[in-house]
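Okay, structure first, notes after.
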Amino acid sequence: MVKDGQTLLNINSSRGISFDIKINEINVNQLHVGQPAIITSVAFPNIKLQGYIKSIDSQASSIGNLPSFSAAIIVPSLTTSQEKIIRIGMSAKISITTTRKAKILVPLYAISDENGKKSVKLLDPKTGKIKKALVETGETTLSDVEITSGLKAGDQVVLPN
């Protein structure tokens with residue numbers, strides 16, 4: 001008897017290996033097909049595999065409260081010794097490095113929103129007083145937000161208690 005979604009057959013190719021991963025919605029736009037990936041695992045601790053992103057789904061699926069996108073990582077070839085150690089279904093850690101110019105990030109809770117205008121509190125180094133600075137924001141992570149204008153490197157943001 002076969003149930004919906006049940007795996008019927010796995011075909012192993014000794015030429016390489018693939019890994020299926022989930023990418024959260026916050027990071028998906030930082031990744032692209034062809035981007036290099038490094039694969040390691042506690043199951044094969046002395047091996048570092050070089051792979052690349054083969055595909056990224058364009059539609060998210062929900063896991064918990066955060067949508068995620070399925071992606072495939074391909075390692076085109078394995079050595080004979082790697083084939084003897086690495087097996088289908090083993091866990092792995094996938095590292096994908098993105099290159100982007102430096103940005104100013106502040107904690108999400110540092111941003112105030114009043115009538116659609118976003119601001120942060122800054123410490124004026126000359127007077128020691130706190131002043132409000134209007135800012136424009138960009139990308140958001142789970143804990144920080146990018147400031148695209150209104151702050152410069154070295155500004156001292158005052159965080160709320």
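Each chain of the structure tokens is named A, B, ... in the order shown, its residues numbered from 1; ligands are numbered from 1 in display order.
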Using DSSP on the backbone coordinates, identify the residues of segment 20-125 of chain A assigned to strand (DSSP E); present them as a PyMOL selection string.
chain A and resi 20-24+36-40+49-56+61-63+66-75+93-95+104-107+112-114+117-123
Limited to C-alpha atoms, could you put the picked residues into a file as an mmCIF file, in the first residue's frame?
```cif
data_model
loop_
_atom_site.group_PDB
_atom_site.id
_atom_site.type_symbol
_atom_site.label_atom_id
_atom_site.label_comp_id
_atom_site.auth_asym_id
_atom_site.auth_seq_id
_atom_site.Cartn_x
_atom_site.Cartn_y
_atom_site.Cartn_z
ATOM 1 C CA ASP A 20 17.227 19.632 0.195
ATOM 2 C CA ILE A 21 17.093 22.679 2.447
ATOM 3 C CA LYS A 22 14.537 25.237 3.637
ATOM 4 C CA ILE A 23 15.277 28.966 3.414
ATOM 5 C CA ASN A 24 13.241 31.423 5.492
ATOM 6 C CA PRO A 36 28.531 28.409 -3.876
ATOM 7 C CA ALA A 37 27.764 26.342 -0.773
ATOM 8 C CA ILE A 38 30.002 24.512 1.692
ATOM 9 C CA ILE A 39 28.607 21.343 3.261
ATOM 10 C CA THR A 40 29.876 19.817 6.516
ATOM 11 C CA LEU A 49 32.118 19.395 0.362
ATOM 12 C CA GLN A 50 31.946 22.145 -2.272
ATOM 13 C CA GLY A 51 28.533 22.561 -3.867
ATOM 14 C CA TYR A 52 26.181 25.168 -5.269
ATOM 15 C CA ILE A 53 22.519 26.170 -5.203
ATOM 16 C CA LYS A 54 20.769 24.271 -8.009
ATOM 17 C CA SER A 55 17.260 25.622 -7.477
ATOM 18 C CA ILE A 56 15.109 27.744 -5.174
ATOM 19 C CA SER A 61 5.335 26.702 2.176
ATOM 20 C CA SER A 62 4.474 27.384 5.794
ATOM 21 C CA ILE A 63 6.249 25.584 8.582
ATOM 22 C CA LEU A 66 7.300 31.528 9.198
ATOM 23 C CA PRO A 67 7.074 30.773 5.482
ATOM 24 C CA SER A 68 10.065 28.963 3.968
ATOM 25 C CA PHE A 69 11.270 28.168 0.473
ATOM 26 C CA SER A 70 12.641 24.772 -0.563
ATOM 27 C CA ALA A 71 15.999 24.742 -2.311
ATOM 28 C CA ALA A 72 18.355 22.115 -3.678
ATOM 29 C CA ILE A 73 22.106 22.129 -3.061
ATOM 30 C CA ILE A 74 24.200 20.011 -5.443
ATOM 31 C CA VAL A 75 27.671 18.580 -4.903
ATOM 32 C CA LYS A 93 25.250 21.900 7.766
ATOM 33 C CA ILE A 94 25.058 24.104 4.669
ATOM 34 C CA SER A 95 27.014 27.380 4.669
ATOM 35 C CA ILE A 104 23.933 50.205 9.486
ATOM 36 C CA LEU A 105 21.715 47.897 11.555
ATOM 37 C CA VAL A 106 19.896 48.718 14.765
ATOM 38 C CA PRO A 107 17.766 46.488 16.987
ATOM 39 C CA SER A 112 9.789 54.320 16.992
ATOM 40 C CA ASP A 113 6.950 54.791 14.521
ATOM 41 C CA GLU A 114 4.785 57.883 14.940
ATOM 42 C CA LYS A 117 7.531 58.477 10.479
ATOM 43 C CA LYS A 118 10.279 56.280 11.855
ATOM 44 C CA SER A 119 12.867 57.557 14.292
ATOM 45 C CA VAL A 120 15.544 56.534 16.745
ATOM 46 C CA LYS A 121 16.930 58.282 19.793
ATOM 47 C CA LEU A 122 20.545 59.423 19.530
ATOM 48 C CA LEU A 123 23.012 60.579 22.146
#
```
For segment 135-142 of chain A, list every protein, DNA or RNA residue within 7 Å, evaluated using only C-alpha atoms, and leave out those in the same chain fewer than 5 positions away; present the list as a PDB file with C-alpha atoms, in the first residue's frame.
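The result, stored in selection_16.pdb:
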```pdb
ATOM      1  CA  ILE A  26      14.019  36.837   5.441  1.00  0.00           C
ATOM      2  CA  LYS A 118      10.279  56.280  11.855  1.00  0.00           C
ATOM      3  CA  SER A 119      12.867  57.557  14.292  1.00  0.00           C
ATOM      4  CA  ILE A 147      18.868  52.077   8.343  1.00  0.00           C
ATOM      5  CA  THR A 148      19.101  53.445   4.788  1.00  0.00           C
ATOM      6  CA  SER A 149      19.193  57.126   5.759  1.00  0.00           C
ATOM      7  CA  GLY A 150      19.182  59.304   8.860  1.00  0.00           C
ATOM      8  CA  LEU A 151      22.155  57.710  10.656  1.00  0.00           C
TER       9      LEU A 151
END
```
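Distances from A:Gly16, A:Gly116, A:Gly128, A:Gly64 to Arg87 of chain A were compared using only C-alpha atoms, and the smallest one belongs to A:Gly16.
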Could you find all residues in segment 1-159 of chain A that DSSP calls alpha helix (DSSP H) from the backbone, and write them as a count of residues only?
6
Could you name the residues that touch Leu78 of chain A at 9 Å or less, counting only C-alpha atoms, but leaving out those on the same chain fewer than 4 positions away, as a PyMOL selection string?
chain A and resi 14-17+49+82-83
Pull all heavy atoms from the residues just selected and write them as a PDB file, in the first residue's frame.
```
ATOM      1  N   SER A  14      26.531   7.797  -7.904  1.00  0.00           N
ATOM      2  CA  SER A  14      27.839   7.949  -7.271  1.00  0.00           C
ATOM      3  C   SER A  14      28.594   9.155  -7.815  1.00  0.00           C
ATOM      4  O   SER A  14      29.693   9.429  -7.389  1.00  0.00           O
ATOM      5  CB  SER A  14      28.658   6.674  -7.464  1.00  0.00           C
ATOM      6  OG  SER A  14      28.870   6.438  -8.841  1.00  0.00           O
ATOM      7  N   ARG A  15      28.003   9.857  -8.752  1.00  0.00           N
ATOM      8  CA  ARG A  15      28.663  11.038  -9.300  1.00  0.00           C
ATOM      9  C   ARG A  15      28.654  12.193  -8.314  1.00  0.00           C
ATOM     10  O   ARG A  15      29.539  13.012  -8.301  1.00  0.00           O
ATOM     11  CB  ARG A  15      27.976  11.472 -10.580  1.00  0.00           C
ATOM     12  CG  ARG A  15      28.107  10.478 -11.672  1.00  0.00           C
ATOM     13  CD  ARG A  15      27.376  10.979 -12.856  1.00  0.00           C
ATOM     14  NE  ARG A  15      28.164  10.712 -14.037  1.00  0.00           N
ATOM     15  CZ  ARG A  15      27.792  11.031 -15.231  1.00  0.00           C
ATOM     16  NH1 ARG A  15      26.656  11.648 -15.415  1.00  0.00           N
ATOM     17  NH2 ARG A  15      28.536  10.741 -16.259  1.00  0.00           N
ATOM     18  N   GLY A  16      27.628  12.324  -7.528  1.00  0.00           N
ATOM     19  CA  GLY A  16      27.514  13.446  -6.613  1.00  0.00           C
ATOM     20  C   GLY A  16      26.410  13.203  -5.618  1.00  0.00           C
ATOM     21  O   GLY A  16      25.952  12.073  -5.436  1.00  0.00           O
ATOM     22  N   ILE A  17      25.986  14.288  -4.983  1.00  0.00           N
ATOM     23  CA  ILE A  17      24.943  14.175  -3.967  1.00  0.00           C
ATOM     24  C   ILE A  17      24.183  15.496  -3.921  1.00  0.00           C
ATOM     25  O   ILE A  17      24.723  16.549  -4.275  1.00  0.00           O
ATOM     26  CB  ILE A  17      25.559  13.822  -2.587  1.00  0.00           C
ATOM     27  CG1 ILE A  17      24.479  13.396  -1.604  1.00  0.00           C
ATOM     28  CG2 ILE A  17      26.411  14.944  -2.049  1.00  0.00           C
ATOM     29  CD1 ILE A  17      25.037  12.717  -0.353  1.00  0.00           C
ATOM     30  N   LEU A  49      32.567  19.529   1.743  1.00  0.00           N
ATOM     31  CA  LEU A  49      32.118  19.395   0.362  1.00  0.00           C
ATOM     32  C   LEU A  49      31.854  20.763  -0.257  1.00  0.00           C
ATOM     33  O   LEU A  49      31.338  21.661   0.409  1.00  0.00           O
ATOM     34  CB  LEU A  49      30.841  18.560   0.286  1.00  0.00           C
ATOM     35  CG  LEU A  49      30.918  17.139   0.850  1.00  0.00           C
ATOM     36  CD1 LEU A  49      29.537  16.502   0.867  1.00  0.00           C
ATOM     37  CD2 LEU A  49      31.892  16.301   0.036  1.00  0.00           C
ATOM     38  N   GLN A  82      34.915   9.478  -0.080  1.00  0.00           N
ATOM     39  CA  GLN A  82      33.739  10.204   0.409  1.00  0.00           C
ATOM     40  C   GLN A  82      32.475   9.373   0.212  1.00  0.00           C
ATOM     41  O   GLN A  82      31.606   9.347   1.076  1.00  0.00           O
ATOM     42  CB  GLN A  82      33.596  11.545  -0.314  1.00  0.00           C
ATOM     43  CG  GLN A  82      34.651  12.555   0.076  1.00  0.00           C
ATOM     44  CD  GLN A  82      34.633  13.796  -0.798  1.00  0.00           C
ATOM     45  OE1 GLN A  82      34.108  13.794  -1.905  1.00  0.00           O
ATOM     46  NE2 GLN A  82      35.217  14.877  -0.290  1.00  0.00           N
ATOM     47  N   GLU A  83      32.379   8.663  -0.912  1.00  0.00           N
ATOM     48  CA  GLU A  83      31.213   7.814  -1.185  1.00  0.00           C
ATOM     49  C   GLU A  83      31.044   6.728  -0.138  1.00  0.00           C
ATOM     50  O   GLU A  83      29.924   6.315   0.163  1.00  0.00           O
ATOM     51  CB  GLU A  83      31.344   7.159  -2.562  1.00  0.00           C
ATOM     52  CG  GLU A  83      31.133   8.097  -3.712  1.00  0.00           C
ATOM     53  CD  GLU A  83      31.355   7.420  -5.054  1.00  0.00           C
ATOM     54  OE1 GLU A  83      31.625   6.194  -5.090  1.00  0.00           O
ATOM     55  OE2 GLU A  83      31.255   8.109  -6.069  1.00  0.00           O
TER      56      GLU A  83
END
```
Report the distance between atom CA of Pro160 of chain A and atom CA of Ile111 of chain A in Å, rounded to one decimal place.
9.4 Å
